[in-house]
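Undergrad: Here it is, the structure, as structure tokens.
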Amino acid sequence: MDRILDQVTRPQAAITETVVDCLGRHYREVNQELRRLVDDGAHRLRLTHVAGQRYLGTNLQRPVQITIEGVPGNDLGAFMDGPRIRVLDDAQDGCGNTMNSGVLVIHGSAGDILGHSMRGGAIYVRDDVGYRVGIHMKEYGDTLPVIVIGGTAQHFLGEYMAGGVLIVLGRRLPPGAMHPSRYIGAGMHGGVIYMAGKVNETFLGKEVAVTALSDVDRETVEGHVAAYAQAMGMDLEPLLARPFVKIYPKTARPYGRLYAY
Amino acid sequence: MSWASTENRYGDDKVFDACGLFGFMDTSGALHDGEAIVRGMSTMKERGNGLGSGYAAYGIYPDFADLYALHVMCRSEAARRDLELRLRQGWTIAHDEPIPHREVAGVLDAPILRRYFATPRGEREPGLSEEDHVVRQVMAINTERDDAFIYSSGKNMGIFKGVGHPDQIAEYYRVDEYRGYLWTAHNRFPTNTPGWWGGAHPFGLLDWTVVHNGEISSYGTNRRYMEAHGYQCTMQTDTEVIAYAADLVMRRHRLSPRVAALVFASPLWDEIAHLSPDQQQLCRAVRQTYGPLLLNGPFTVIIAREGEMLGLGDRIRLRPLAVGIKDDLLYISSELSAIHLVQPDIQYTWTPEGGQAIVGRLGQRPQPPAHVQRREPVLESELSYG
């Protein structure tokens, strides 16, 4: 937690920014250039005219800062280990796929399977996300992946989730409105989901239960949302104003008894 | 041996990826050249592997708007002559010509491609409309031989497809030279069936066209149901059956696109159980009547016909679909970035839920759903860092 906050707030003044124009270029060439620039000591990169280039930020393994102008392609920050990427627009599917560390900040909406199999680091999304966000994200020891969604999520949120923290703030939901998300936590067997506002309990995943937050939960939520607010440049208080619920797996081995008669 | 299996020399071992879709419609009816559709499709080149691409365009033949534009592909000149003789028996051909094309490096095995602007003549079976009659003619010709096919048979529209990447096929057919109010496009990554010219998308019948990303697990069931209604599948690819199903349910049975969406991508039973009584009755009736036309498995399609475009994904969204609106223009794409590339001033973008129909209609300005806010640029100066 502290580590993530530190990464977000560290002053970045007086570091030159290298601009990489991606207009009409294939992702392979762009990623090779990024790798070369980072190997040569670049700390801040700005990618302009991005239009669907995939796997950006994948193979850099260093805490560089990358700003993306345009809509990046699928698997943004896949296997990412260290960089801090911010996208000044929407993002597509598969952001942070199997990401290990670093921060992904999306100033817009993102698509399906965001944080797929994510193992560490943080993903912050300003608006809404698609299907199966956080599918099979997992934690181990001190490594805890965190996803904070400002808006709401489509269906199968936290599907097969095995670890980590997933927070949905419902910023744009009208007061009292229910999240449209159905089948939350289907197959979930680890980690925790916190959602501000009402969730649809009729179409909840079979493996999860909904409860109120404990003091410890509250502290966890406040810590992660504070980091989110800072990354987004938002006031913290309104983000925490709506009451939260906690969604957690009823058992760590949902299929343990499947073939046991 | 069929055309596809004997001449398939593209090395299409089983591969794992996705196809790409792109489509847009100017609901005001204004015509657009092929530049945008080619650029939007080509930016998703990664989604295909060069084993099939194609375009469908509506409003492109104003000089022959009342005639059926029959696009045919033939394996040999002899096959084409036979097909033409066969056509002349049942059709009055007002004009015919080779489909204009230019040689493109990397585009191999192009068949003989010709288009006939024609009207069916002669007696029809009682009770058959002209369209039904044309469907019968196309089905008869396409099942008679395996070296000549009619792959586009609508009025004032046409399909241009083949084996190649989207930019190559566009150049081959000189797609940029046509002007249409509705365009759809596809690039293919064949997984279970061969890459060949007839197997490229769009698939069409009358003015219906379909581009498809995914895999129809229910193909056998769907195909048998369609055969019982007089439709024969000859193109060796699951997508074909969707084009014929669209014709059956939306033209012959006159279902609206939204009800057709319930046929192809019905809500799950436990979701139906929680709908309003009216909605439940509708959904149950549709599932009982058209159960064999439920498309199972992952898919996203863009179905088009004269004046209408329908985007639809499977019920649990196993394939992507992004939508955008700019004034009268409606965009549907596998990837959002392609919409932004083609239309930098896009006003609304969103991702519909699985099974939710996106419908564009000539003369009706497209509207975003209530929860979608107009896009505003991110002002970097207002962000608290960097």
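Every chain in the structure tokens takes a letter, A first, then B, and so on in the order presented; its residues are numbered from 1, and the ligands are numbered from 1 following the presented order.
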Up to 10 Å from chain A, what residues of chain B turn up? Count only C-alpha atoms and give them as number ranges by chain.
TA: B: 43-46, 270-271, 274, 316-322, 334-341, 344, 349-354, 371, 373, 375-380, 382-386
Undergrad: Excluding region 40-43 of chain A and any residue of its chain fewer than 4 positions from it, enumerate the residues within 12 Å of it, using only C-alpha atoms, and give them as a count of residues only.
TA: 25
Undergrad: Which residues come within 12 Å of region 281-294 of chain B, counting only C-alpha atoms, excluding same-chain residues fewer than 3 positions away, as a ChimeraX atom specification?
TA: /B:216-229,241-246,248-249,253,255,258-278,297-299,314-315,355
Undergrad: Export C-alpha atoms of the chosen residues as a compact mmCIF listing (two decimals), in the first residue's frame?
TA:
```
# COMPACT_ATOMS: atom_id res chain seq x y z
CA ILE B 216 -20.85 -20.86 -33.95
CA SER B 217 -20.91 -24.04 -31.89
CA SER B 218 -24.54 -24.57 -32.89
CA TYR B 219 -23.75 -24.47 -36.63
CA GLY B 220 -25.01 -28.03 -37.30
CA THR B 221 -28.36 -27.35 -35.63
CA ASN B 222 -28.71 -23.94 -37.27
CA ARG B 223 -27.82 -25.32 -40.69
CA ARG B 224 -30.31 -28.19 -40.52
CA TYR B 225 -33.05 -25.77 -39.48
CA MET B 226 -32.23 -23.52 -42.43
CA GLU B 227 -32.15 -26.47 -44.86
CA ALA B 228 -35.69 -27.28 -43.77
CA HIS B 229 -36.58 -23.77 -44.91
CA VAL B 241 -25.84 -19.66 -42.01
CA ILE B 242 -26.30 -16.30 -40.23
CA ALA B 243 -26.88 -14.49 -43.52
CA TYR B 244 -29.59 -16.97 -44.47
CA ALA B 245 -31.10 -16.91 -40.97
CA ALA B 246 -31.29 -13.11 -41.18
CA LEU B 248 -35.60 -15.98 -42.95
CA VAL B 249 -36.46 -14.21 -39.72
CA HIS B 253 -40.97 -13.68 -41.01
CA LEU B 255 -39.23 -9.85 -37.20
CA ARG B 258 -34.46 -6.33 -31.91
CA VAL B 259 -36.64 -9.42 -31.91
CA ALA B 260 -34.20 -11.10 -34.28
CA ALA B 261 -31.53 -10.37 -31.67
CA LEU B 262 -33.63 -12.38 -29.19
CA VAL B 263 -33.64 -15.25 -31.70
CA PHE B 264 -29.87 -15.27 -32.22
CA ALA B 265 -28.77 -14.24 -28.72
CA SER B 266 -31.67 -14.92 -26.39
CA PRO B 267 -31.24 -13.94 -22.73
CA LEU B 268 -30.38 -16.82 -20.40
CA TRP B 269 -33.38 -18.66 -18.92
CA ASP B 270 -32.74 -17.38 -15.40
CA GLU B 271 -32.60 -13.85 -16.76
CA ILE B 272 -35.86 -14.34 -18.65
CA ALA B 273 -37.45 -15.48 -15.37
CA HIS B 274 -36.85 -12.01 -13.91
CA LEU B 275 -38.23 -9.95 -16.80
CA SER B 276 -41.64 -8.26 -16.86
CA PRO B 277 -44.56 -10.58 -17.78
CA ASP B 278 -44.78 -9.11 -21.30
CA GLY B 297 -20.72 -20.00 -28.78
CA PRO B 298 -18.69 -16.82 -29.00
CA PHE B 299 -19.66 -14.36 -31.69
CA ASP B 314 -23.25 -13.27 -27.93
CA ARG B 315 -25.04 -13.28 -24.58
CA GLY B 355 -26.99 -9.84 -26.67
```
Undergrad: I need the residues of region 216-345 of chain B that end up classed as strand (DSSP E or B) by DSSP on the backbone, written out as an mmCIF file with N, CA and C atoms, in the first residue's frame.
TA:
```cif
data_model
loop_
_atom_site.group_PDB
_atom_site.id
_atom_site.type_symbol
_atom_site.label_atom_id
_atom_site.label_comp_id
_atom_site.auth_asym_id
_atom_site.auth_seq_id
_atom_site.Cartn_x
_atom_site.Cartn_y
_atom_site.Cartn_z
ATOM 1 N N PHE B 299 -19.557 -15.045 -30.407
ATOM 2 C CA PHE B 299 -19.659 -14.359 -31.694
ATOM 3 C C PHE B 299 -19.953 -12.874 -31.524
ATOM 4 N N THR B 300 -19.479 -12.115 -32.486
ATOM 5 C CA THR B 300 -19.971 -10.770 -32.737
ATOM 6 C C THR B 300 -20.245 -10.693 -34.223
ATOM 7 N N VAL B 301 -21.374 -10.105 -34.597
ATOM 8 C CA VAL B 301 -21.689 -9.964 -36.016
ATOM 9 C C VAL B 301 -22.118 -8.528 -36.317
ATOM 10 N N ILE B 302 -21.890 -8.139 -37.566
ATOM 11 C CA ILE B 302 -22.587 -6.973 -38.107
ATOM 12 C C ILE B 302 -23.412 -7.494 -39.277
ATOM 13 N N ILE B 303 -24.719 -7.373 -39.138
ATOM 14 C CA ILE B 303 -25.640 -7.781 -40.195
ATOM 15 C C ILE B 303 -26.154 -6.504 -40.845
ATOM 16 N N ALA B 304 -26.119 -6.469 -42.178
ATOM 17 C CA ALA B 304 -26.604 -5.264 -42.854
ATOM 18 C C ALA B 304 -27.573 -5.644 -43.954
ATOM 19 N N ARG B 305 -28.451 -4.722 -44.275
ATOM 20 C CA ARG B 305 -29.277 -4.813 -45.472
ATOM 21 C C ARG B 305 -29.557 -3.394 -45.930
ATOM 22 N N GLU B 308 -30.229 -0.497 -43.320
ATOM 23 C CA GLU B 308 -30.196 -0.934 -41.923
ATOM 24 C C GLU B 308 -28.891 -1.656 -41.585
ATOM 25 N N MET B 309 -28.405 -1.405 -40.373
ATOM 26 C CA MET B 309 -27.201 -2.086 -39.903
ATOM 27 C C MET B 309 -27.461 -2.551 -38.464
ATOM 28 N N LEU B 310 -27.115 -3.807 -38.195
ATOM 29 C CA LEU B 310 -27.366 -4.396 -36.873
ATOM 30 C C LEU B 310 -26.067 -4.975 -36.326
ATOM 31 N N GLY B 311 -25.660 -4.491 -35.151
ATOM 32 C CA GLY B 311 -24.493 -5.055 -34.467
ATOM 33 C C GLY B 311 -24.976 -5.887 -33.298
ATOM 34 N N LEU B 312 -24.388 -7.073 -33.123
ATOM 35 C CA LEU B 312 -24.866 -7.962 -32.070
ATOM 36 C C LEU B 312 -23.736 -8.877 -31.606
ATOM 37 N N GLY B 313 -23.658 -9.062 -30.288
ATOM 38 C CA GLY B 313 -22.679 -9.995 -29.742
ATOM 39 C C GLY B 313 -23.376 -11.101 -28.975
ATOM 40 N N ALA B 322 -17.373 -2.583 -30.054
ATOM 41 C CA ALA B 322 -17.393 -1.195 -29.595
ATOM 42 C C ALA B 322 -18.269 -0.386 -30.541
ATOM 43 N N VAL B 323 -18.935 0.619 -29.993
ATOM 44 C CA VAL B 323 -19.865 1.419 -30.796
ATOM 45 C C VAL B 323 -19.517 2.899 -30.642
ATOM 46 N N GLY B 324 -19.686 3.667 -31.706
ATOM 47 C CA GLY B 324 -19.460 5.105 -31.641
ATOM 48 C C GLY B 324 -20.485 5.866 -32.459
ATOM 49 N N ILE B 325 -20.732 7.101 -32.048
ATOM 50 C CA ILE B 325 -21.678 7.954 -32.775
ATOM 51 C C ILE B 325 -21.051 9.328 -32.997
ATOM 52 N N LYS B 326 -21.169 9.821 -34.220
ATOM 53 C CA LYS B 326 -20.846 11.219 -34.537
ATOM 54 C C LYS B 326 -21.981 11.739 -35.417
ATOM 55 N N LEU B 329 -23.643 9.564 -38.050
ATOM 56 C CA LEU B 329 -22.809 8.396 -38.325
ATOM 57 C C LEU B 329 -22.781 7.431 -37.154
ATOM 58 N N LEU B 330 -23.022 6.163 -37.456
ATOM 59 C CA LEU B 330 -22.952 5.105 -36.449
ATOM 60 C C LEU B 330 -21.799 4.171 -36.824
ATOM 61 N N TYR B 331 -20.923 3.915 -35.865
ATOM 62 C CA TYR B 331 -19.761 3.051 -36.100
ATOM 63 C C TYR B 331 -19.846 1.818 -35.215
ATOM 64 N N ILE B 332 -19.470 0.668 -35.757
ATOM 65 C CA ILE B 332 -19.386 -0.568 -34.982
ATOM 66 C C ILE B 332 -18.035 -1.202 -35.302
ATOM 67 N N SER B 333 -17.318 -1.617 -34.275
ATOM 68 C CA SER B 333 -15.961 -2.104 -34.522
ATOM 69 C C SER B 333 -15.558 -3.148 -33.488
#
```
Undergrad: From a DSSP calculation on the backbone, collect every residue of region 72-226 of chain A in helix (DSSP H, G or I) and output the set as a PyMOL selection string.
TA: chain A and resi 215-226
Undergrad: Which residues come within 12 Å of Thr143 (chain B), counting only C-alpha atoms, excluding same-chain residues fewer than 3 positions away, as a list in words?
TA: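 Using only C-alpha atoms, the neighbours found are Ser2, Arg136, Gln137, Val138, Met139, Ala140, Asp146, Asp147, Ala148, Phe149, Ile150, Gly230, Tyr231, Gln232, Cys233, Thr234 and Met235 of chain B.
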Undergrad: Taking N, CA and C atoms for each residue, export the selection above as a short mmCIF file (atom, residue, chain, number, x, y, z; two decimals), in the first residue's frame.
TA:
```
data_model
loop_
_atom_site.label_atom_id
_atom_site.label_comp_id
_atom_site.auth_asym_id
_atom_site.auth_seq_id
_atom_site.Cartn_x
_atom_site.Cartn_y
_atom_site.Cartn_z
N SER B 2 -13.74 -30.37 -53.33
CA SER B 2 -14.28 -29.02 -53.46
C SER B 2 -13.16 -28.04 -53.81
N ARG B 136 -34.20 -18.81 -54.27
CA ARG B 136 -34.21 -20.16 -54.86
C ARG B 136 -33.18 -20.28 -55.98
N GLN B 137 -33.15 -19.24 -56.85
CA GLN B 137 -32.21 -19.25 -57.98
C GLN B 137 -30.77 -19.32 -57.48
N VAL B 138 -30.47 -18.47 -56.50
CA VAL B 138 -29.10 -18.43 -55.99
C VAL B 138 -28.73 -19.77 -55.35
N MET B 139 -29.66 -20.30 -54.54
CA MET B 139 -29.41 -21.58 -53.88
C MET B 139 -29.20 -22.69 -54.92
N ALA B 140 -30.04 -22.67 -55.97
CA ALA B 140 -29.94 -23.72 -56.99
C ALA B 140 -28.58 -23.66 -57.68
N ASP B 146 -19.40 -26.89 -57.89
CA ASP B 146 -18.51 -26.41 -56.84
C ASP B 146 -17.40 -25.53 -57.41
N ASP B 147 -17.62 -25.02 -58.64
CA ASP B 147 -16.58 -24.15 -59.20
C ASP B 147 -17.14 -22.81 -59.65
N ALA B 148 -18.37 -22.51 -59.26
CA ALA B 148 -18.95 -21.22 -59.63
C ALA B 148 -20.01 -20.86 -58.60
N PHE B 149 -19.91 -19.67 -58.06
CA PHE B 149 -20.83 -19.25 -57.00
C PHE B 149 -21.31 -17.82 -57.22
N ILE B 150 -22.56 -17.60 -56.83
CA ILE B 150 -23.05 -16.23 -56.71
C ILE B 150 -22.85 -15.86 -55.25
N GLY B 230 -35.32 -24.33 -46.91
CA GLY B 230 -34.91 -24.12 -48.30
C GLY B 230 -33.60 -23.40 -48.50
N TYR B 231 -32.80 -23.26 -47.45
CA TYR B 231 -31.50 -22.59 -47.59
C TYR B 231 -30.38 -23.62 -47.52
N GLN B 232 -29.49 -23.61 -48.49
CA GLN B 232 -28.39 -24.57 -48.53
C GLN B 232 -27.07 -23.87 -48.25
N CYS B 233 -26.30 -24.41 -47.33
CA CYS B 233 -24.99 -23.82 -47.03
C CYS B 233 -23.94 -24.45 -47.94
N THR B 234 -23.19 -23.61 -48.65
CA THR B 234 -22.22 -24.13 -49.62
C THR B 234 -20.83 -23.54 -49.45
N MET B 235 -20.64 -22.63 -48.51
CA MET B 235 -19.37 -21.90 -48.44
C MET B 235 -18.41 -22.45 -47.38
#
```
Undergrad: Taking only C-alpha atoms into account, name the residue in A:Ile113, A:Leu239, A:Ala78, A:Ala153 that is nearest to Thr98 (chain A).
TA: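 Closest to Thr98 (chain A) of all the choices is A:Ala78.
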Undergrad: Please provide as an MDAnalysis selection string all residues within 7 Å of Gly170 (chain A), with the sequence filter that same-chain residues fewer than 6 positions apart are discarded (counting only C-alpha atoms).
TA: chainID A and resid 150:152 196:197
Undergrad: Within 12 Å of region 83-93 of chain B, counting only C-alpha atoms, which residues show up once you throw out same-chain ones fewer than 3 positions away? Write them as a PyMOL selection string, please.
TA: chain B and resi 64+67-80+96-97+112-124+133-134+136-138+140-142+144-150
